[in-house]
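These notes concern the structure reproduced below.
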Amino acid sequence: MTARSRFSARLDLEQGRVDMSHGAGGRAMAQLIDELFKQALDNEWLAQGNDQALFSVPPGRLVMSTDAHVVSPLFFPGGDIGSLAVHGTINDVAMSGARPLHLAASFILEEGFPLADLARIVASLAQAAREAGVAVVTGDTKVVERGKGDGVFITTTGIGVVPEGIAISGDRARPGDVILINGHIGDHGIAILSQRENLGFETVIQSDSAALHGLIADMVAAVPDIHCLRDPTRGGLATTLNELAQQSGVGMRIREADIPVREAVSAACELLGLDPAYVANEGKLVAICPADAAETLLATMRAHPLGAQSAIIGEVVEDPLGFVQMQTRFGGERLLDWLAGEQLPRIC
Amino acid sequence: MKYIDEFRDQRLARQLAAAIAAEVDPARQYRLMEFCGGHTHAIFRYGVQQLMPPNLRFVHGPGCPVCVLPMARLDQAMAMTREHGVTLCTYGDLMRVPASGRQTLLKAKAAGADVRMIYSTQDVLRIARDEPERQVVFMAIGFETTTPPTAVAILQARAEGLKNLSFLCNHVLTPPALRAILSLAGPEGVRLDGILGPSHVSTVIGTRPYAFVPREFGLPVVIAGFEPLDVMQSALMLVRQINDCRREVENQYSRAVGEGGNARALELMARVFVTRPSFEWRGLGFLPESALALAEDYADLDAERRFPVTVEASHEIKGCECPAILRGLKEPTECRLFGTVCTPDNPMGACMVSSEGACAAYWSHRTHMPSSGLNR
């Protein structure tokens, strides 16, 4: 039997909605997987048709990371939950300097969710995976009753292999090291916020959601001795710097004037009482490297399309207390502290 | 950013700092109270205090609406969700303010109460329209700045005939609070040499309501904008008044504030609200004629009448110095809870919650002072 002939009618991707049978393990679920997921994601591992993907791995050290995505709204300027779920996990894997190999994706769907929206999300997820060259090799779908989810939640898990000689870790920042970022901060958080129904301001800001493994491959090739890499997602740049400072037992001195922030993001933050340093990013990385390699690293980053606006924003200093200090544009000094409470819920 | 960067210019800041340093009399103290939390926030965020000479000190006032809301009013709002099952809408800052028994609206929400964080009064109207089966209560808080939008929402609710929306009014008035602070004499009182007057509040009420400060208390007032250069220029204006023995209400924030305020906003407020005979302020106690309630014509939209609840007397957390800090008598660092058990992640007192609260401002903009006990 071919896949098509197993079902009496094709899935209605225009008017249809997710119902409980789509998660029940029966024919309806098989149809959803065949006609929607496999169709979009199509690769040799999914074609194996097993509950697990079988593959060989290259020699070396493997890294693994997982990330749950609950962003609201599901579609936002510059992306959607599908592309975000691919970029988020690829980035978490790649921040070790690894080349990402494969992804797994789990979908939790809410009863009543339009199949047309689901098809859009899965197509976007598939496209993001194709563009990144990282296949989704296994997955799962569950359905929860109406009111018990919020449309779609997606969890993705990724594995990757770390090249020889690379030892990137959050505890390796050393006094004298230089801190870099690959472009404008705050775009993702502001793009999401602009779509919230109770804010609804108009902006041209697009989410920066992007897979950074290509940029990172260039960076580790040029400067193998990068000490730290981390993506400043929730909690933004300030939170990531504090995490790294604490993990390494060092302090940092940042110059506000050197942090790239788009004018529109500054303006939105001003209006909403937010600080761009705490607003989420999905296509940014913080890199820390020895001072003598900083210019090489900066030039390499700027040569990549996802790092054209890269900048050196500060230095690592000795400080057992782990303070991140910022020289303000105004000429004063202030502490760039951890985010307290929650600035904006459900941004990724 | 145009119209913003100009007010944060580093070069002008240095010039102003030099002018202040040159004009202060080294033989005297300049204790300037900034009434508003917005000023407190700017002073810390931009490091303005560090740019001042050592004998000019900013004393932080009670102008943070979240900080002065008494626990009993939060207890009352939570009781409404519990006993009447209402949907309670309020601004985000209020969600984490500790009420009696370490309860917060955030915790009440997690326990099942329908509490919603809103950004504007228009959200409240939308929720009431969209969910006619729910009784929606807007917990309105703030000084004169946020009062006109509440007045507009009340008038809209009336015009649309929204039967499921009511208002729990906690709006408070600036001049009576300022009077209360200045009236506290003797060991209870704070010694001040000048007042940085509110900026946004003054766009609504104008400069006239502050005339009693020089007249009755012999102190100069400068209405100051919220940008760091505004604060510095206003400090310079106060220094000059003090040096010249002048006692006037001056207006530094003339780009937004007029003498008479915003006539339309004042008219709306007068139509919808009446002054309460007395209202409790956290840290200041009961102050006469210091807060607003819905006028009799709008009594049907008053949540306090629609959903009566009884609330027991509340007690501050032991050791919390919020009352003294709100009166300018103590610095946050003089509170033994500060930075130990009380941090923005786990606030004990209201001053640690809002970014406009003195304790939160101290904490999040503390500079590197290993000996000050401010280390984590």
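Order determines the names: the first chain of the structure tokens is A, the second B, and so forth; residues in each chain are numbered 1 upward, and ligands are numbered 1 upward as they are shown.
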Interface list for chain B, partner chain A, 7 Å threshold, only C-alpha atoms, as a ChimeraX atom specification: /B:1,8-10,45-47,119,123,344-345,364-367
Write out, as an mmCIF file, in the first residue's frame, the residues just selected, with N, CA and C atoms.
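File written: again_9.cif
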data_model
loop_
_atom_site.group_PDB
_atom_site.id
_atom_site.type_symbol
_atom_site.label_atom_id
_atom_site.label_comp_id
_atom_site.auth_asym_id
_atom_site.auth_seq_id
_atom_site.Cartn_x
_atom_site.Cartn_y
_atom_site.Cartn_z
ATOM 1 N N MET B 1 19.043 58.695 19.450
ATOM 2 C CA MET B 1 17.606 58.917 19.382
ATOM 3 C C MET B 1 17.307 60.400 19.540
ATOM 4 N N ARG B 8 21.003 63.453 27.367
ATOM 5 C CA ARG B 8 21.921 62.516 28.027
ATOM 6 C C ARG B 8 23.345 62.777 27.561
ATOM 7 N N ASP B 9 23.602 64.000 27.153
ATOM 8 C CA ASP B 9 24.878 64.337 26.542
ATOM 9 C C ASP B 9 25.986 64.425 27.602
ATOM 10 N N GLN B 10 27.031 63.644 27.359
ATOM 11 C CA GLN B 10 28.101 63.549 28.337
ATOM 12 C C GLN B 10 28.858 64.870 28.530
ATOM 13 N N ARG B 45 20.598 55.287 37.448
ATOM 14 C CA ARG B 45 20.909 54.697 36.150
ATOM 15 C C ARG B 45 22.074 55.425 35.477
ATOM 16 N N TYR B 46 22.134 56.742 35.648
ATOM 17 C CA TYR B 46 23.173 57.509 34.956
ATOM 18 C C TYR B 46 24.313 57.928 35.877
ATOM 19 N N GLY B 47 24.227 57.509 37.120
ATOM 20 C CA GLY B 47 25.304 57.847 38.041
ATOM 21 C C GLY B 47 25.402 59.332 38.330
ATOM 22 N N TYR B 119 -1.170 46.761 30.169
ATOM 23 C CA TYR B 119 -0.261 47.869 29.872
ATOM 24 C C TYR B 119 -0.998 49.192 29.829
ATOM 25 N N ASP B 123 -6.668 48.102 27.590
ATOM 26 C CA ASP B 123 -6.667 46.637 27.703
ATOM 27 C C ASP B 123 -7.818 46.175 28.596
ATOM 28 N N PRO B 344 15.736 42.316 44.737
ATOM 29 C CA PRO B 344 14.658 42.383 43.743
ATOM 30 C C PRO B 344 14.086 41.005 43.377
ATOM 31 N N ASP B 345 14.882 39.963 43.537
ATOM 32 C CA ASP B 345 14.367 38.625 43.241
ATOM 33 C C ASP B 345 13.397 38.153 44.311
ATOM 34 N N SER B 364 20.160 47.655 42.135
ATOM 35 C CA SER B 364 20.513 47.287 40.779
ATOM 36 C C SER B 364 21.552 48.216 40.178
ATOM 37 N N HIS B 365 21.781 49.360 40.790
ATOM 38 C CA HIS B 365 22.822 50.234 40.259
ATOM 39 C C HIS B 365 23.938 50.434 41.273
ATOM 40 N N ARG B 366 24.044 49.492 42.203
ATOM 41 C CA ARG B 366 25.146 49.595 43.162
ATOM 42 C C ARG B 366 26.454 49.496 42.385
ATOM 43 N N THR B 367 27.400 50.264 42.788
ATOM 44 C CA THR B 367 28.699 50.207 42.108
ATOM 45 C C THR B 367 29.614 49.306 42.912
#
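For Gly37 of chain B, the list of residues within 9 Å, based on only C-alpha atoms and with local chain neighbours fewer than 5 positions off taken out, reads Ala42, His60, Gly61, Pro62, Gly63, Cys64, Pro65, Ser354, Ser355, Glu356, Gly357 and Ala358 of chain B.
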Create the file for the chosen residues now, containing C-alpha atoms and written as a PDB file, in the first residue's frame.
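Heads up, here's the output in part18.pdb:
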ATOM      1  CA  ALA B  42      17.569  58.422  36.604  1.00  0.00           C
ATOM      2  CA  HIS B  60      14.885  59.929  47.927  1.00  0.00           C
ATOM      3  CA  GLY B  61      11.214  60.730  48.340  1.00  0.00           C
ATOM      4  CA  PRO B  62       8.043  58.663  48.416  1.00  0.00           C
ATOM      5  CA  GLY B  63       6.980  59.234  44.795  1.00  0.00           C
ATOM      6  CA  CYS B  64       6.791  55.612  43.726  1.00  0.00           C
ATOM      7  CA  PRO B  65       3.114  54.625  43.457  1.00  0.00           C
ATOM      8  CA  SER B 354       9.541  48.735  41.439  1.00  0.00           C
ATOM      9  CA  SER B 355      12.590  50.035  39.575  1.00  0.00           C
ATOM     10  CA  GLU B 356      11.462  53.423  40.906  1.00  0.00           C
ATOM     11  CA  GLY B 357      11.737  52.269  44.487  1.00  0.00           C
ATOM     12  CA  ALA B 358      14.772  53.554  46.334  1.00  0.00           C
TER      13      ALA B 358
END
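Counting from atom CA of Ala211 of chain A, the distance to atom CA of Asp117 of chain A is 22.8 Å.
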Among the residues of segment 148-285 of chain A, find those DSSP assigns to helix (DSSP H, G or I) from the backbone and print them as a ChimeraX atom specification. /A:187-195,213-222,236-248,256-258,263-272,276-278
File of the preceding selection, C-alpha atoms, as an mmCIF file, in the first residue's frame:
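Saved file selection30.cif follows:
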data_model
loop_
_atom_site.group_PDB
_atom_site.id
_atom_site.type_symbol
_atom_site.label_atom_id
_atom_site.label_comp_id
_atom_site.auth_asym_id
_atom_site.auth_seq_id
_atom_site.Cartn_x
_atom_site.Cartn_y
_atom_site.Cartn_z
ATOM 1 C CA ASP A 187 15.707 42.770 17.939
ATOM 2 C CA HIS A 188 13.959 39.498 18.781
ATOM 3 C CA GLY A 189 12.359 40.642 22.024
ATOM 4 C CA ILE A 190 11.089 43.874 20.491
ATOM 5 C CA ALA A 191 9.775 42.090 17.361
ATOM 6 C CA ILE A 192 7.805 39.704 19.596
ATOM 7 C CA LEU A 193 6.581 42.479 21.824
ATOM 8 C CA SER A 194 5.325 44.513 18.875
ATOM 9 C CA GLN A 195 2.942 41.667 18.031
ATOM 10 C CA HIS A 213 26.834 27.501 13.332
ATOM 11 C CA GLY A 214 28.231 28.766 10.011
ATOM 12 C CA LEU A 215 29.536 31.926 11.654
ATOM 13 C CA ILE A 216 30.930 29.900 14.547
ATOM 14 C CA ALA A 217 32.707 27.503 12.161
ATOM 15 C CA ASP A 218 34.513 30.478 10.612
ATOM 16 C CA MET A 219 35.314 31.871 14.059
ATOM 17 C CA VAL A 220 36.849 28.689 15.481
ATOM 18 C CA ALA A 221 38.781 28.137 12.244
ATOM 19 C CA ALA A 222 40.323 31.619 12.539
ATOM 20 C CA GLY A 236 19.535 39.346 27.059
ATOM 21 C CA LEU A 237 23.155 40.440 26.939
ATOM 22 C CA ALA A 238 23.282 41.504 30.595
ATOM 23 C CA THR A 239 22.206 38.105 31.868
ATOM 24 C CA THR A 240 24.637 36.215 29.623
ATOM 25 C CA LEU A 241 27.558 38.388 30.727
ATOM 26 C CA ASN A 242 26.643 37.796 34.373
ATOM 27 C CA GLU A 243 26.421 34.039 33.813
ATOM 28 C CA LEU A 244 29.848 33.956 32.200
ATOM 29 C CA ALA A 245 31.379 36.241 34.847
ATOM 30 C CA GLN A 246 30.089 34.045 37.632
ATOM 31 C CA GLN A 247 31.041 30.786 35.936
ATOM 32 C CA SER A 248 34.588 32.018 35.297
ATOM 33 C CA GLU A 256 27.512 51.069 26.658
ATOM 34 C CA ALA A 257 28.461 53.262 23.696
ATOM 35 C CA ASP A 258 30.075 50.277 21.918
ATOM 36 C CA GLU A 263 17.570 53.138 16.808
ATOM 37 C CA ALA A 264 14.094 51.579 16.562
ATOM 38 C CA VAL A 265 14.916 49.130 19.354
ATOM 39 C CA SER A 266 16.249 51.951 21.545
ATOM 40 C CA ALA A 267 13.094 53.928 20.885
ATOM 41 C CA ALA A 268 10.767 51.007 21.661
ATOM 42 C CA CYS A 269 12.692 50.281 24.861
ATOM 43 C CA GLU A 270 12.533 53.922 25.871
ATOM 44 C CA LEU A 271 8.778 53.934 25.365
ATOM 45 C CA LEU A 272 8.149 50.683 27.225
ATOM 46 C CA PRO A 276 17.953 46.686 25.563
ATOM 47 C CA ALA A 277 20.653 44.883 27.531
ATOM 48 C CA TYR A 278 17.933 42.662 29.017
#
Near-segment 37-42 of chain A list (8 Å; only C-alpha atoms; drop same-chain fewer than 5 positions) as JSON, numbers by chain: {"A": [32, 47, 122, 123, 126, 135, 136]}
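Each of B:Met232, B:Ala291, B:Leu165, B:Leu12 was checked against Leu88 of chain B using only C-alpha atoms; the smallest atom-to-atom distance is that of B:Leu165.
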In Å to one decimal, how far is atom CA of Lys318 of chain B from atom CA of Leu168 of chain B? 28.3 Å
